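Colleague: Got input_26.txt for you, compact mmCIF, C-alpha atoms:
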```txt
# COMPACT_ATOMS: atom_id res chain seq x y z
CA GLY A 11 0.00 0.00 0.00
CA GLY A 12 1.62 3.17 -1.20
CA GLY A 13 -0.68 5.31 0.96
CA ILE A 14 -2.30 2.89 3.42
CA ARG A 15 -1.92 -0.81 4.22
CA ASN A 16 -4.74 -2.35 6.28
CA SER A 17 -4.82 -5.79 7.88
CA GLY A 18 -7.45 -5.00 10.51
CA THR A 19 -10.62 -2.94 10.39
CA LEU A 20 -10.37 0.50 8.81
CA ILE A 21 -12.88 3.26 8.01
CA VAL A 22 -11.80 6.01 5.61
CA ASP A 23 -14.32 8.86 5.54
CA ASN A 24 -14.14 12.24 3.81
CA CYS A 25 -10.48 11.77 2.90
CA ARG A 26 -8.24 12.37 -0.10
CA ILE A 27 -5.67 9.68 -0.89
CA GLU A 28 -3.52 10.99 -3.71
CA HIS A 29 -0.10 10.78 -5.37
CA ASN A 30 1.08 7.61 -3.65
CA ASN A 31 3.14 4.86 -5.27
CA THR A 32 4.13 1.29 -4.53
CA THR A 33 6.38 -0.98 -6.57
CA GLY A 34 5.32 -4.26 -4.96
CA SER A 35 4.45 -6.85 -7.59
CA GLY A 36 2.82 -9.56 -5.46
CA SER A 37 -0.90 -10.14 -5.81
CA VAL A 38 -1.62 -8.50 -2.43
CA ALA A 39 1.41 -6.20 -2.39
CA GLY A 40 -0.07 -3.59 -4.71
CA GLY A 41 -2.47 -0.77 -4.06
CA GLY A 42 -1.02 2.61 -4.89
CA GLY A 43 -3.59 4.29 -2.67
CA ILE A 44 -4.74 1.50 -0.33
CA SER A 45 -3.81 -2.15 0.17
CA ASN A 46 -6.41 -4.10 2.15
CA GLU A 47 -6.28 -7.59 3.67
CA GLY A 48 -8.87 -6.92 6.38
CA VAL A 49 -12.17 -5.06 6.52
CA LEU A 50 -12.18 -1.72 4.72
CA THR A 51 -14.90 0.92 4.36
CA VAL A 52 -14.31 4.00 2.19
CA THR A 53 -16.97 6.73 2.16
CA ASN A 54 -17.21 10.25 0.75
CA SER A 55 -13.59 10.17 -0.38
CA ILE A 56 -11.31 10.63 -3.37
CA ILE A 57 -8.62 8.14 -4.39
CA ALA A 58 -6.68 9.64 -7.27
CA ASN A 59 -3.34 9.85 -9.05
CA ASN A 60 -1.84 6.82 -7.34
CA ARG A 61 0.24 4.12 -9.00
CA SER A 62 0.90 0.41 -8.53
CA VAL A 63 1.62 -2.74 -10.50
CA LEU A 64 -1.68 -4.28 -9.33
CA GLY A 65 -4.41 -1.86 -8.29
CA GLY A 66 -3.45 1.71 -8.93
CA GLY A 67 -6.11 2.97 -6.52
CA ILE A 68 -7.03 0.01 -4.29
CA ASN A 69 -5.73 -3.56 -4.00
CA THR A 70 -7.88 -5.86 -1.85
CA ASN A 71 -8.28 -9.49 -0.92
CA GLY A 72 -10.51 -8.67 2.05
CA SER A 73 -13.96 -7.24 2.63
CA THR A 74 -14.31 -3.79 1.03
CA THR A 75 -17.21 -1.35 0.87
CA ILE A 76 -16.89 1.82 -1.23
CA LEU A 77 -19.65 4.44 -0.93
CA ASN A 78 -20.01 7.90 -2.46
CA THR A 79 -16.38 7.85 -3.56
CA GLN A 80 -14.44 8.85 -6.65
CA ILE A 81 -11.56 6.65 -7.84
CA HIS A 82 -9.88 8.34 -10.77
CA ASP A 83 -6.66 8.98 -12.68
CA ASN A 84 -4.81 6.11 -11.05
CA VAL A 85 -2.16 4.25 -13.02
CA PHE A 86 -1.42 0.52 -13.12
CA ASP A 87 1.50 -1.43 -14.60
CA SER A 88 -0.20 -4.82 -14.95
CA ALA A 89 -3.87 -5.00 -13.89
CA GLY A 90 -6.57 -3.01 -12.13
CA GLY A 91 -6.27 0.71 -12.64
CA GLY A 92 -8.90 1.80 -10.13
CA VAL A 93 -9.52 -1.35 -8.08
CA PHE A 94 -7.79 -4.77 -8.04
CA ILE A 95 -9.78 -7.55 -6.32
CA TYR A 96 -7.84 -10.75 -5.62
CA TYR A 97 -8.97 -14.16 -4.33
CA GLY A 98 -10.69 -13.73 -0.99
CA GLY A 99 -11.86 -10.25 -1.88
CA SER A 100 -15.51 -9.25 -1.62
CA VAL A 101 -16.22 -5.71 -2.81
CA VAL A 102 -19.38 -3.59 -2.91
CA ILE A 103 -19.18 -0.27 -4.78
CA SER A 104 -22.22 1.97 -4.43
CA ASN A 105 -23.02 5.51 -5.60
CA SER A 106 -19.45 5.94 -6.77
CA GLN A 107 -17.47 6.81 -9.90
CA ILE A 108 -14.52 4.88 -11.31
CA TYR A 109 -13.04 6.91 -14.13
CA SER A 110 -9.97 7.91 -16.14
CA ASN A 111 -7.78 5.12 -14.76
CA THR A 112 -5.22 3.84 -17.22
CA GLY A 113 -2.19 1.65 -17.79
CA PHE A 114 1.30 3.06 -17.62
CA ASN A 115 2.50 1.11 -20.66
CA ILE A 116 1.43 -1.53 -23.16
CA SER A 117 1.98 -4.27 -20.56
CA ALA A 118 -0.88 -2.85 -18.48
CA TYR A 119 -3.33 -5.15 -20.09
CA ASP A 120 -6.37 -6.03 -17.93
CA GLY A 121 -9.02 -4.07 -16.07
CA GLY A 122 -8.56 -0.39 -16.69
CA GLY A 123 -11.26 0.53 -14.17
CA ILE A 124 -11.67 -2.64 -12.13
CA TYR A 125 -9.99 -6.08 -12.15
CA SER A 126 -11.77 -8.80 -10.18
CA VAL A 127 -11.20 -12.51 -9.71
CA ASP A 128 -13.60 -12.90 -6.78
CA ARG A 129 -16.80 -11.02 -5.78
CA LEU A 130 -17.81 -7.59 -7.03
CA THR A 131 -21.15 -5.81 -6.75
CA LEU A 132 -21.62 -2.46 -8.49
CA ILE A 133 -24.72 -0.44 -7.53
CA ASN A 134 -25.80 3.00 -8.79
CA SER A 135 -22.29 3.69 -9.99
CA SER A 136 -20.42 4.72 -13.14
CA VAL A 137 -17.33 3.20 -14.72
CA TYR A 138 -16.14 5.43 -17.55
CA HIS A 139 -13.17 6.71 -19.55
CA ASN A 140 -10.89 3.93 -18.32
CA GLN A 141 -8.36 2.22 -20.56
CA SER A 142 -6.38 -1.02 -20.81
CA SER A 143 -4.27 -2.34 -23.63
CA ASP A 144 -5.82 -5.82 -23.77
CA ARG A 145 -8.92 -6.94 -21.84
CA GLY A 146 -11.60 -5.03 -19.96
CA GLY A 147 -11.21 -1.30 -20.37
CA GLY A 148 -13.96 -0.73 -17.81
CA ILE A 149 -14.12 -4.05 -15.93
CA PHE A 150 -12.28 -7.37 -16.16
CA ASN A 151 -14.18 -10.13 -14.33
CA GLN A 152 -13.13 -13.67 -13.50
CA GLY A 153 -15.40 -14.28 -10.54
CA THR A 154 -18.93 -13.33 -9.51
CA LEU A 155 -20.10 -9.94 -10.76
CA THR A 156 -23.38 -8.09 -10.33
CA VAL A 157 -23.94 -4.69 -11.97
CA THR A 158 -27.23 -2.95 -11.14
CA HIS A 159 -28.53 0.53 -11.98
CA SER A 160 -25.09 1.50 -13.23
CA THR A 161 -23.36 2.83 -16.33
CA ILE A 162 -20.29 1.46 -18.11
CA SER A 163 -19.30 3.93 -20.80
CA TRP A 164 -16.54 5.44 -22.91
CA ASN A 165 -13.95 2.82 -21.95
CA GLN A 166 -11.27 1.51 -24.32
CA ALA A 167 -9.47 -1.83 -24.64
CA GLY A 168 -8.36 -4.38 -27.19
CA LYS A 169 -11.13 -6.79 -26.14
CA GLY A 170 -14.22 -6.27 -24.02
CA ALA A 171 -13.91 -2.51 -23.79
CA GLY A 172 -16.85 -2.10 -21.40
CA LEU A 173 -16.72 -5.48 -19.67
CA TYR A 174 -14.51 -8.51 -20.32
CA HIS A 175 -16.15 -11.48 -18.60
CA ASN A 176 -13.50 -14.18 -18.60
CA SER A 177 -15.18 -16.84 -16.45
CA GLY A 178 -17.58 -17.27 -13.55
CA GLN A 179 -20.96 -15.55 -13.44
CA ALA A 180 -21.86 -11.99 -14.43
CA GLN A 181 -25.20 -10.19 -14.27
CA VAL A 182 -25.95 -6.78 -15.77
CA ILE A 183 -29.32 -5.54 -14.55
CA ASN A 184 -31.11 -2.23 -15.21
CA SER A 185 -27.88 -0.75 -16.50
CA THR A 186 -26.43 0.99 -19.54
CA VAL A 187 -23.32 -0.04 -21.48
CA ASP A 188 -22.60 2.63 -24.07
CA ASN A 189 -19.98 4.21 -26.28
CA ASN A 190 -17.20 1.80 -25.39
CA GLN A 191 -14.60 1.05 -28.05
CA ALA A 192 -12.55 -2.12 -28.59
CA SER A 193 -9.81 -2.27 -31.19
CA LEU A 194 -10.51 -6.00 -31.69
CA LEU A 195 -13.46 -7.81 -30.07
CA GLY A 196 -16.49 -6.85 -28.00
CA GLY A 197 -17.06 -3.14 -27.84
CA GLY A 198 -19.64 -3.31 -25.06
CA LEU A 199 -19.28 -6.77 -23.54
CA LEU A 200 -17.15 -9.85 -24.20
CA ASP A 201 -18.24 -13.16 -22.68
CA SER A 202 -15.34 -15.57 -22.91
CA THR A 203 -16.12 -18.85 -21.12
CA GLY A 204 -18.46 -17.74 -18.35
CA ALA A 205 -22.19 -17.25 -17.89
CA LEU A 206 -23.40 -13.75 -18.74
CA THR A 207 -26.93 -12.48 -18.10
CA VAL A 208 -28.15 -9.09 -19.32
CA THR A 209 -31.64 -8.01 -18.25
CA GLN A 210 -33.56 -4.75 -18.55
CA SER A 211 -30.43 -3.07 -19.84
CA THR A 212 -29.27 -1.12 -22.90
CA LEU A 213 -26.13 -1.58 -25.01
CA ASN A 214 -25.84 1.43 -27.25
CA GLY A 215 -23.23 3.04 -29.48
CA ASN A 216 -20.40 0.59 -28.78
CA HIS A 217 -17.80 -0.23 -31.45
CA ALA A 218 -15.30 -3.00 -32.26
CA ASN A 219 -13.90 -4.92 -35.20
CA PHE A 220 -16.10 -7.91 -34.27
CA GLY A 221 -19.07 -7.80 -31.91
CA GLY A 222 -19.88 -4.14 -31.45
CA GLY A 223 -22.40 -4.69 -28.66
CA ILE A 224 -21.45 -8.18 -27.50
CA TYR A 225 -18.81 -10.71 -28.54
CA ALA A 226 -20.01 -14.12 -27.29
CA ASP A 227 -17.11 -16.53 -27.37
CA THR A 228 -17.52 -20.01 -25.87
CA GLY A 229 -19.62 -19.23 -22.82
CA ALA A 230 -23.36 -18.78 -22.39
CA SER A 231 -24.99 -15.38 -22.90
CA PHE A 232 -28.62 -14.76 -21.92
CA LEU A 233 -30.38 -11.49 -22.77
CA GLN A 234 -33.92 -10.64 -21.67
CA ASN A 235 -35.88 -7.39 -21.89
CA ALA A 236 -32.77 -5.71 -23.28
CA THR A 237 -31.96 -3.31 -26.11
CA LEU A 238 -29.01 -3.43 -28.50
CA SER A 239 -28.96 -0.23 -30.51
CA ASN A 240 -26.58 1.74 -32.72
CA ASN A 241 -23.62 -0.53 -32.12
CA SER A 242 -21.16 -0.90 -34.97
CA VAL A 243 -18.25 -2.97 -36.24
CA SER A 244 -15.59 -2.65 -38.87
CA GLU A 245 -16.10 -6.31 -39.76
CA LEU A 246 -18.90 -8.58 -38.46
CA GLY A 247 -21.67 -8.59 -35.86
CA GLY A 248 -22.76 -5.04 -35.13
CA GLY A 249 -25.09 -6.00 -32.30
CA ILE A 250 -23.77 -9.47 -31.40
CA PHE A 251 -21.03 -11.70 -32.79
CA ASN A 252 -21.55 -15.30 -31.69
CA HIS A 253 -18.50 -17.57 -31.79
CA LEU A 254 -19.35 -21.07 -30.55
CA SER A 255 -21.42 -19.71 -27.66
CA ALA A 256 -24.96 -20.46 -26.47
CA VAL A 257 -26.85 -17.20 -26.95
CA SER A 258 -30.47 -16.71 -25.89
CA LEU A 259 -32.54 -13.63 -26.71
CA ILE A 260 -35.94 -13.12 -25.06
CA ASN A 261 -37.92 -9.95 -25.66
CA VAL A 262 -34.83 -8.16 -26.97
CA THR A 263 -34.90 -5.13 -29.27
CA VAL A 264 -32.13 -5.02 -31.87
CA TYR A 265 -32.09 -1.89 -34.04
CA GLY A 266 -29.79 0.55 -35.76
CA ASN A 267 -26.69 -1.66 -35.51
CA SER A 268 -24.27 -1.80 -38.44
CA ALA A 269 -21.48 -3.94 -39.89
CA SER A 270 -19.06 -2.77 -42.54
CA ALA A 271 -17.70 -6.06 -43.90
CA VAL A 272 -18.98 -6.34 -47.47
CA SER A 273 -17.08 -9.24 -49.02
CA TYR A 274 -19.13 -11.98 -50.64
CA PHE A 275 -18.28 -14.51 -47.94
CA GLU A 276 -18.70 -12.08 -45.05
CA GLN A 277 -22.03 -10.35 -45.26
CA GLY A 278 -21.66 -8.41 -42.05
CA GLY A 279 -24.60 -9.26 -39.75
CA GLY A 280 -25.46 -5.75 -38.65
CA GLY A 281 -27.72 -7.01 -35.87
CA LEU A 282 -26.44 -10.53 -35.18
CA TYR A 283 -23.69 -12.65 -36.71
CA THR A 284 -23.68 -16.30 -35.73
```
Would you put the structure from the file into structure tokens?
Modeller:
Amino acid sequence: GGGIRNSGTLIVDNCRIEHNNTTGSGSVAGGGGISNEGVLTVTNSIIANNRSVLGGGINTNGSTTILNTQIHDNVFDSAGGGVFIYYGGSVVISNSQIYSNTGFNISAYDGGGIYSVDRLTLINSSVYHNQSSDRGGGIFNQGTLTVTHSTISWNQAGKGAGLYHNSGQAQVINSTVDNNQASLLGGGLLDSTGALTVTQSTLNGNHANFGGGIYADTGASFLQNATLSNNSVSELGGGIFNHLSAVSLINVTVYGNSASAVSYFEQGGGGLYT
């Protein structure tokens, strides 16, 4: 922990944790702002302009609650610009903003805003303008993720610019995923090998080479009462690109999506390519 290291019970309220740095490269040795192995509550605070290999803002493998807090402009060298959640970590983020976190170099490849391999719940929060060079500009998930009444927008990555769901279970409920941009796959969401459920949510204006709204790889993607609109690709699958995945659509609106591939063998699938 460049700023704070906690192994007990800690409450941080109405504080600014800024311009701290740690060079520790172990999975729980990061956390430019805060490193947590205990019970941590952060409220009404700002965590900004910190740097670490893992977790520019916060690195945790304990219980963490973040309320009414801004985590922004932190820098990571490997994973987790704003928040890095390791095995054993259980994190609830509510009424908060995770934004403008970014990698220091091209090796900073996963989870520009948040990197999680355990439990993450995002409520009434925004994850935006974060960046990673490879997977999950907004969020990289390899555990259990629930996103409710939240916005994931204007993030950038190679794959899964809004959310890269690598494995485990992810739910996006009553939320908006919009204007994210992937240089390769999955502008809004990429479901790799996990189970992804999207309900009562909107994916709008996302862009990628393949799978502007969603790139469904080899997992299972279930959409119900959702809208995919105005997503675009340079190649195939403006709304959804399905690659060996089980995709289910129930009461889903698909409109205004576009695909630019025009070769004879690759008629683009503006709405859905499968």
Colleague: Mind giving me the straight-line distance from CA of Leu254 (chain A) to CA of Gly204 (chain A) in Å, one decimal?
Modeller: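 Taking CA of Leu254 (chain A) as the start and CA of Gly204 (chain A) as the end point, the length is 12.7 Å.
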Colleague: Which of these residues is nearest to Ser163 (chain A), using all atoms listed in the file: A:Gly123, A:Gly148, A:Gly178, A:Gly221?
Modeller: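 Ranked by minimum distance to Ser163 (chain A), first place goes to A:Gly148.
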Colleague: Which distance in Å separates CA of Ser211 (chain A) and CA of Asn176 (chain A), to one decimal?
Modeller: 20.3 Å
Colleague: How many Å lie between CA of Asn54 (chain A) and CA of Ile21 (chain A), rounded to one decimal?
Modeller: 11.0 Å
Colleague: With a distance cut-off of 9 Å and all atoms listed in the file, select the neighbouring residues of region 180-185 of chain A, excluding the residue or stretch itself and same-chain residues fewer than 4 positions from it, and output the selection as a list in words.
Modeller: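 The residues that qualify are Asn134, Asn151, Gln152, Gly153, Thr154, Leu155, Thr156, Val157, Thr158, His159, Ser160, Thr161, Ile162, His175, Gly204, Ala205, Leu206, Thr207, Val208, Thr209, Gln210, Ser211, Thr212, Leu213 and Ala236 of chain A.
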Colleague: Can I get the selected residues back with C-alpha atoms, as an mmCIF file, in the coordinates of the input?
Modeller:
```cif
data_model
loop_
_atom_site.group_PDB
_atom_site.id
_atom_site.type_symbol
_atom_site.label_atom_id
_atom_site.label_comp_id
_atom_site.auth_asym_id
_atom_site.auth_seq_id
_atom_site.Cartn_x
_atom_site.Cartn_y
_atom_site.Cartn_z
ATOM 1 C CA ASN A 134 -25.800 3.000 -8.790
ATOM 2 C CA ASN A 151 -14.180 -10.130 -14.330
ATOM 3 C CA GLN A 152 -13.130 -13.670 -13.500
ATOM 4 C CA GLY A 153 -15.400 -14.280 -10.540
ATOM 5 C CA THR A 154 -18.930 -13.330 -9.510
ATOM 6 C CA LEU A 155 -20.100 -9.940 -10.760
ATOM 7 C CA THR A 156 -23.380 -8.090 -10.330
ATOM 8 C CA VAL A 157 -23.940 -4.690 -11.970
ATOM 9 C CA THR A 158 -27.230 -2.950 -11.140
ATOM 10 C CA HIS A 159 -28.530 0.530 -11.980
ATOM 11 C CA SER A 160 -25.090 1.500 -13.230
ATOM 12 C CA THR A 161 -23.360 2.830 -16.330
ATOM 13 C CA ILE A 162 -20.290 1.460 -18.110
ATOM 14 C CA HIS A 175 -16.150 -11.480 -18.600
ATOM 15 C CA GLY A 204 -18.460 -17.740 -18.350
ATOM 16 C CA ALA A 205 -22.190 -17.250 -17.890
ATOM 17 C CA LEU A 206 -23.400 -13.750 -18.740
ATOM 18 C CA THR A 207 -26.930 -12.480 -18.100
ATOM 19 C CA VAL A 208 -28.150 -9.090 -19.320
ATOM 20 C CA THR A 209 -31.640 -8.010 -18.250
ATOM 21 C CA GLN A 210 -33.560 -4.750 -18.550
ATOM 22 C CA SER A 211 -30.430 -3.070 -19.840
ATOM 23 C CA THR A 212 -29.270 -1.120 -22.900
ATOM 24 C CA LEU A 213 -26.130 -1.580 -25.010
ATOM 25 C CA ALA A 236 -32.770 -5.710 -23.280
#
```
